[in-house]
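Asks: Got a file for you: work_12.cif, mmCIF, C-alpha atoms and all ligand atoms.
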```
data_data
#
loop_
_atom_site.label_atom_id
_atom_site.label_comp_id
_atom_site.auth_asym_id
_atom_site.auth_seq_id
_atom_site.Cartn_x
_atom_site.Cartn_y
_atom_site.Cartn_z
CA MET R 277 16.49 -31.98 9.49
CA MET R 278 16.01 -28.81 7.46
CA LYS R 279 14.84 -25.59 9.10
CA LEU R 280 13.16 -22.60 7.54
CA TYR R 281 13.86 -19.35 9.36
CA THR R 282 10.61 -17.52 9.00
CA ALA R 283 8.31 -14.94 10.60
CA ASP R 284 4.50 -14.95 10.47
CA LEU R 285 4.15 -11.48 8.95
CA SER R 286 6.95 -11.92 6.42
CA ALA R 287 5.38 -12.11 2.95
CA TYR R 288 8.53 -13.65 1.51
CA SER R 289 8.56 -16.35 4.18
CA ALA R 290 4.84 -16.95 3.62
CA ARG R 291 5.60 -17.59 -0.04
CA VAL R 292 7.88 -20.51 0.92
CA ARG R 293 5.55 -21.74 3.68
CA MET R 294 2.68 -21.91 1.18
CA GLN R 295 4.87 -23.91 -1.20
CA ILE R 296 5.78 -26.32 1.63
CA TYR R 297 2.07 -26.76 2.52
CA ALA R 298 1.04 -27.25 -1.10
CA LYS R 299 3.75 -29.84 -1.67
CA GLY R 300 2.86 -31.64 1.57
CA ILE R 301 6.47 -31.45 2.85
CA LYS R 302 6.48 -32.47 6.52
CA ASP R 303 10.16 -32.52 7.47
CA ILE R 304 11.04 -28.83 7.51
CA ILE R 305 10.89 -27.11 10.91
CA PHE R 306 9.81 -23.44 11.05
CA GLU R 307 11.68 -21.14 13.42
CA LEU R 308 12.13 -17.45 14.11
CA PRO R 309 15.93 -17.03 13.90
CA GLU R 310 17.92 -16.37 17.05
CA HIS R 311 18.87 -12.69 17.55
CA TRP R 312 16.32 -11.69 14.84
CA GLY R 313 16.88 -8.05 13.83
CA MET R 314 20.08 -7.71 15.87
CA PRO R 315 23.69 -7.36 14.60
CA LYS R 316 24.40 -10.93 15.80
CA PHE R 317 21.71 -12.13 13.42
CA ARG R 318 23.40 -10.37 10.49
CA GLU R 319 26.77 -11.93 11.39
CA ARG R 320 25.28 -15.31 10.54
CA PHE R 321 22.82 -14.13 7.87
CA PRO R 322 24.57 -11.25 6.04
CA ILE R 323 21.51 -10.20 4.00
CA GLY R 324 19.68 -9.85 7.32
CA ARG R 325 16.29 -11.03 6.04
CA VAL R 326 14.00 -14.02 6.22
CA PRO R 327 13.31 -16.56 4.83
CA VAL R 328 16.52 -18.56 5.05
CA LEU R 329 16.67 -22.32 4.58
CA ASP R 330 19.11 -24.06 6.94
CA ILE R 331 20.35 -27.45 5.75
CA ASP R 332 22.50 -28.68 8.66
CA GLY R 333 24.16 -25.28 8.91
CA ASP R 334 24.37 -24.64 5.16
CA LEU R 335 22.25 -21.51 4.68
CA ILE R 336 20.26 -20.60 1.57
CA PRO R 337 18.76 -17.08 1.59
CA GLU R 338 16.19 -15.48 -0.79
CA SER R 339 12.67 -16.82 -1.19
CA GLU R 340 12.84 -17.45 -4.92
CA VAL R 341 16.12 -19.36 -4.63
CA ILE R 342 14.71 -21.46 -1.77
CA ALA R 343 11.51 -22.11 -3.76
CA GLU R 344 13.46 -23.34 -6.79
CA TYR R 345 15.73 -25.47 -4.57
CA LEU R 346 12.72 -27.11 -2.90
CA GLU R 347 11.21 -27.86 -6.32
CA GLU R 348 14.43 -29.67 -7.23
CA ILE R 349 14.74 -31.76 -4.10
CA TYR R 350 11.00 -32.45 -3.74
CA PRO R 351 9.92 -32.65 -7.41
CA GLU R 352 6.45 -34.08 -6.66
CA PRO R 353 3.89 -32.62 -6.66
CA SER R 354 5.41 -30.04 -8.96
CA LEU R 355 4.44 -26.39 -8.56
CA LYS R 356 6.14 -25.60 -11.85
CA GLY R 357 4.71 -25.95 -15.37
CA ILE R 358 4.30 -29.06 -17.45
CA THR R 359 6.14 -27.41 -20.35
CA PRO R 360 9.05 -24.92 -20.26
CA ARG R 361 6.65 -22.25 -21.56
CA GLU R 362 4.23 -22.87 -18.69
CA THR R 363 7.09 -22.62 -16.20
CA ALA R 364 8.18 -19.34 -17.81
CA HIS R 365 4.64 -18.00 -17.35
CA ILE R 366 4.55 -19.13 -13.71
CA ARG R 367 7.90 -17.38 -13.13
CA THR R 368 6.61 -14.18 -14.74
CA LEU R 369 3.63 -14.12 -12.38
CA ALA R 370 5.81 -14.96 -9.36
CA ARG R 371 8.23 -12.17 -10.32
CA ILE R 372 5.38 -9.65 -10.50
CA GLY R 373 4.40 -10.82 -7.00
CA ASP R 374 7.99 -10.51 -5.76
CA ILE R 375 9.59 -7.49 -7.39
CA TYR R 376 6.64 -5.28 -8.19
CA ILE R 377 4.20 -6.13 -5.41
CA MET R 378 5.91 -7.52 -2.29
CA ASN R 379 9.05 -5.42 -2.60
CA SER R 380 7.19 -2.16 -3.25
CA THR R 381 4.60 -2.71 -0.49
CA PHE R 382 7.36 -3.69 1.96
CA MET R 383 9.28 -0.47 1.18
CA LEU R 384 6.07 1.54 1.36
CA SER R 385 5.29 0.10 4.75
CA ARG R 386 8.78 0.87 6.08
CA LEU R 387 8.74 4.45 4.79
CA THR R 388 5.26 5.31 6.07
CA GLY R 389 4.80 3.16 9.19
CA ALA R 390 1.61 1.98 7.48
CA LEU R 391 1.43 -1.30 9.44
CA GLY R 392 0.53 0.67 12.54
CA ARG R 393 -2.32 2.46 10.79
CA GLN R 394 -5.77 1.03 10.38
CA THR R 395 -7.27 4.20 8.97
CA PRO R 396 -6.04 6.01 5.85
CA ALA R 397 -3.21 8.48 6.27
CA ALA R 398 -4.32 12.10 5.96
CA ALA R 399 -1.77 12.58 3.24
CA ARG R 400 0.91 10.32 1.87
CA ASP R 401 4.34 11.21 3.05
CA ASN R 402 6.33 12.27 0.02
CA SER R 403 7.17 11.69 -3.61
CA VAL R 404 9.03 8.45 -2.86
CA THR R 405 5.98 6.87 -1.25
CA ASP R 406 3.76 8.22 -4.06
CA GLN R 407 6.11 6.62 -6.54
CA LEU R 408 6.05 3.26 -4.74
CA ALA R 409 2.25 3.25 -4.37
CA GLY R 410 2.00 4.14 -8.08
CA GLU R 411 4.29 1.22 -8.94
CA VAL R 412 2.08 -1.20 -7.03
CA VAL R 413 -1.13 0.05 -8.67
CA ARG R 414 0.45 0.01 -12.13
CA ASN R 415 1.72 -3.52 -11.68
CA LEU R 416 -1.60 -4.78 -10.32
CA LYS R 417 -3.02 -3.64 -13.66
CA ALA R 418 -0.25 -5.57 -15.43
CA LEU R 419 -0.97 -8.62 -13.29
CA ASP R 420 -4.63 -8.37 -14.29
CA LYS R 421 -3.62 -9.09 -17.89
CA PHE R 422 -1.54 -12.16 -17.06
CA LEU R 423 -3.75 -13.89 -14.49
CA GLY R 424 -5.92 -16.93 -15.16
CA THR R 425 -9.66 -16.71 -14.63
CA ASP R 426 -10.34 -20.07 -12.97
CA GLY R 427 -9.41 -19.24 -9.39
CA PHE R 428 -5.67 -19.93 -9.77
CA ALA R 429 -2.92 -17.65 -11.02
CA CYS R 430 -2.51 -19.95 -14.02
CA CYS R 431 -2.50 -23.58 -15.18
CA GLY R 432 -5.75 -24.39 -13.30
CA ARG R 433 -3.87 -25.52 -10.18
CA ILE R 434 -1.63 -24.25 -7.40
CA THR R 435 1.79 -23.21 -8.69
CA LEU R 436 4.73 -21.14 -7.48
CA ALA R 437 2.87 -18.13 -8.91
CA ASP R 438 0.07 -18.46 -6.31
CA CYS R 439 2.66 -18.90 -3.55
CA ALA R 440 4.14 -15.48 -4.39
CA LEU R 441 0.87 -13.70 -5.19
CA VAL R 442 -1.14 -14.67 -2.10
CA PRO R 443 1.23 -13.00 0.43
CA GLY R 444 1.76 -10.12 -2.03
CA LEU R 445 -1.96 -9.41 -2.29
CA PHE R 446 -2.33 -9.69 1.50
CA TRP R 447 0.25 -6.89 1.77
CA VAL R 448 -1.53 -4.85 -0.92
CA GLU R 449 -4.81 -5.18 1.00
CA THR R 450 -3.07 -4.19 4.24
CA ILE R 451 -0.74 -1.39 3.13
CA LEU R 452 -2.43 0.49 0.29
CA PRO R 453 -5.57 1.52 2.23
CA ALA R 454 -3.35 2.56 5.15
CA VAL R 455 -1.54 5.03 2.88
CA GLY R 456 -4.81 6.32 1.42
CA VAL R 457 -4.67 4.46 -1.90
CA ASP R 458 -7.73 2.65 -3.21
CA TRP R 459 -6.28 -0.09 -5.41
CA GLN R 460 -9.62 -1.57 -6.51
CA SER R 461 -10.84 -0.45 -9.95
CA PRO R 462 -12.36 -2.00 -13.08
CA ALA R 463 -8.80 -2.26 -14.44
CA VAL R 464 -7.99 -4.87 -11.79
CA ALA R 465 -11.31 -6.78 -11.81
CA ASN R 466 -9.48 -9.98 -12.69
CA VAL R 467 -7.06 -9.51 -9.75
CA ALA R 468 -10.00 -8.90 -7.40
CA ALA R 469 -11.79 -12.05 -8.63
CA TYR R 470 -8.60 -14.10 -8.26
CA TRP R 471 -7.98 -12.71 -4.77
CA ALA R 472 -11.52 -13.61 -3.65
CA ALA R 473 -11.23 -17.13 -5.08
CA ILE R 474 -7.70 -18.09 -4.01
CA GLN R 475 -8.38 -17.24 -0.35
CA LYS R 476 -10.64 -20.32 -0.28
CA ASN R 477 -7.75 -22.60 -1.20
CA GLU R 478 -6.62 -24.52 1.91
CA HIS R 479 -2.90 -23.72 1.55
CA ALA R 480 -3.56 -20.04 0.88
CA ALA R 481 -5.99 -19.92 3.82
CA LYS R 482 -3.33 -21.39 6.11
CA VAL R 483 -0.69 -18.76 5.28
CA LEU R 484 -3.30 -16.01 5.45
CA ILE R 485 -4.11 -17.03 9.04
CA GLU R 486 -0.38 -16.82 9.85
CA LEU R 487 0.01 -13.46 8.08
CA ARG R 488 -3.01 -12.02 9.97
CA ARG R 489 -1.65 -13.36 13.27
CA GLY R 490 1.69 -11.69 12.48
CA LEU R 491 -0.08 -8.44 11.63
CA ASP R 492 -2.04 -8.47 14.91
CA GLU R 493 1.18 -9.11 16.87
CA ARG R 494 2.99 -6.32 15.03
CA ARG R 495 0.15 -3.87 15.64
CA GLU R 496 0.17 -4.75 19.33
CA MET R 497 3.95 -4.18 19.45
CA ILE R 498 3.47 -0.79 17.80
CA ARG R 499 0.59 0.12 20.12
CA SER R 500 2.46 -0.87 23.29
CA GLY R 501 5.72 0.82 22.26
CA ALA R 502 7.55 -2.54 22.26
CA LEU R 503 8.53 -2.15 18.60
CA GLU R 504 10.05 1.26 19.19
CA ARG R 505 12.03 -0.09 22.17
CA PHE R 506 13.18 -3.09 20.12
CA ARG R 507 14.32 -0.85 17.25
CA ALA R 508 16.20 1.45 19.64
CA ALA R 509 17.96 -1.56 21.20
CA ALA R 510 18.83 -2.91 17.72
CA ALA R 511 20.20 0.49 16.61
CA ALA R 512 22.30 0.80 19.80
CA ALA R 513 23.66 -2.74 19.38
CA GLN R 514 24.51 -1.98 15.75
CA LYS R 515 26.34 1.23 16.73
CA GLU R 516 28.38 -0.72 19.29
CA ALA R 517 29.16 -3.48 16.78
CA ASP R 518 30.24 -0.88 14.17
CA ALA R 519 32.50 0.85 16.73
CA GLN R 520 34.29 -2.45 17.44
CA LYS R 521 35.16 -3.02 13.77
N1 LIG R 601 14.46 -10.67 -1.51
C1 LIG R 601 14.22 -11.28 -0.22
C2 LIG R 601 13.38 -10.35 0.63
C3 LIG R 601 13.17 -10.88 2.04
C4 LIG R 601 12.64 -9.80 2.97
O1 LIG R 601 12.61 -8.61 2.64
N2 LIG R 601 12.26 -10.22 4.17
C5 LIG R 601 11.79 -9.26 5.16
C6 LIG R 601 10.52 -9.77 5.80
S1 LIG R 601 9.24 -9.90 4.57
C7 LIG R 601 12.84 -9.14 6.25
O2 LIG R 601 13.42 -10.12 6.66
N3 LIG R 601 13.08 -7.93 6.72
C8 LIG R 601 13.98 -7.67 7.81
C9 LIG R 601 14.78 -6.46 7.55
O3 LIG R 601 14.70 -5.88 6.47
O4 LIG R 601 15.51 -6.08 8.50
C10 LIG R 601 13.57 -12.65 -0.42
O5 LIG R 601 13.02 -12.89 -1.51
O6 LIG R 601 13.67 -13.52 0.46
#
```
Write out the structure in this file as structure tokens.
Ligand SMILES: N[C@@H](CCC(=O)N[C@@H](CS)C(=O)NCC(=O)O)C(=O)O

Replies:
Amino acid sequence: MMKLYTADLSAYSARVRMQIYAKGIKDIIFELPEHWGMPKFRERFPIGRVPVLDIDGDLIPESEVIAEYLEEIYPEPSLKGITPRETAHIRTLARIGDIYIMNSTFMLSRLTGALGRQTPAAARDNSVTDQLAGEVVRNLKALDKFLGTDGFACCGRITLADCALVPGLFWVETILPAVGVDWQSPAVANVAAYWAAIQKNEHAAKVLIELRRGLDERREMIRSGALERFRAAAAAAQKEADAQK
């Protein structure tokens, strides 16, 4: 049986989980990987990130690669286009969600500790975080031009584009206000309308519940100091592993 190594709060994992829900795939188990975040984890998973698809020990990393693989082995219902041009459009939207939205918000969160903040930062930290926040806002405006206006990212149905954009927009909504950036503006009215509509879709709603649960757990770990202790233990274990090389 296949396993997907995944974590609730991971936007990239949520992208694949939403695809699995939308396709109605029932035979993939979800698991948090053993030794998550520790050097032992990276011995088995060199990129050190989730999601990873485990097919009887054969490991496929990277959400987009997993998504394409799942489309090939479970072709129906297809979350790709009916024509090559439609598929190219879906991939463009999914790439905006991945590279320009999820990646930048993830980096922004790491650099600012924004996940622990529920009120805006007094001032953003430095030019790197300004740059990343600017990238996200600029690319939300780009997304606005590409998005459909019927409640889906495109094609009038759930596609791989929605699977990437839903977790991406959850991170936008979580991280940008926490770093003092108001992303809403008339230039992203189409994004805001899409975001309001897609949250009512059952598969999107399911991953949003998981993402919010992950966020609550993470905030509790930050509040209790458990995250800091975990990171210190991971750094110490890494130092020891490096010294043995
Ligand atoms: N490009 C990767 C990104 C995956 C990623 O960044 N995953 C995050 C969670 S959303 C992670 O595992 N982070 C752990 C770490 O960086 O140590 C993908 O598409 O799968």

Asks: Within 9 Å of (2.5, -23.7, -1.2), all atoms listed in the file: residues as a PyMOL selection string?

Replies: chain R and resi 290-300+355+434-436+438-440+479-480+483

Asks: Which of these, R:Thr381, R:Ser500, R:Ser354, R:Gln475, has the shortest distance to ligand LIG 601 (chain R) once you count all atoms listed in the file?

Replies: R:Thr381

Asks: Could you list, as a ChimeraX atom specification, all the residues within 6 Å of ligand LIG 601 (chain R), counting all atoms listed in the file?

Replies: /R:286-288,313,324-327,338-340

Asks: Given the choices R:Gly432, R:Glu493, R:Ala465, R:Ala511, which gets closest to Ile358 of chain R if the distance is worked out from only C-alpha atoms?

Replies: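 Of R:Gly432, R:Glu493, R:Ala465, R:Ala511, the one nearest Ile358 of chain R, counting only C-alpha atoms, is R:Gly432.
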
Asks: Around segment 326-329 of chain R, with edges along x, y and z and 3 Å added on all six sides, what centre and edge lengths do you get, in Å to one decimal, as AutoDock Vina command-line options?

Replies:
```
--center_x 15.0 --center_y -18.2 --center_z 5.4 --size_x 9.4 --size_y 14.3 --size_z 7.6
```

Asks: Ranking R:Gly410, R:Gly501, R:Pro351, R:Pro322 by minimum distance to Tyr376 of chain R and counting all atoms listed in the file, which one comes first?

Replies: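 Residue with the minimum atom-to-atom distance to Tyr376 of chain R: R:Gly410.
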
Asks: Quick one: distance from atom CA of Tyr281 of chain R to atom CA of Val328 of chain R in Å, one decimal?

Replies: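 Atom-to-atom, atom CA of Tyr281 of chain R and atom CA of Val328 of chain R are spaced 5.1 Å apart.
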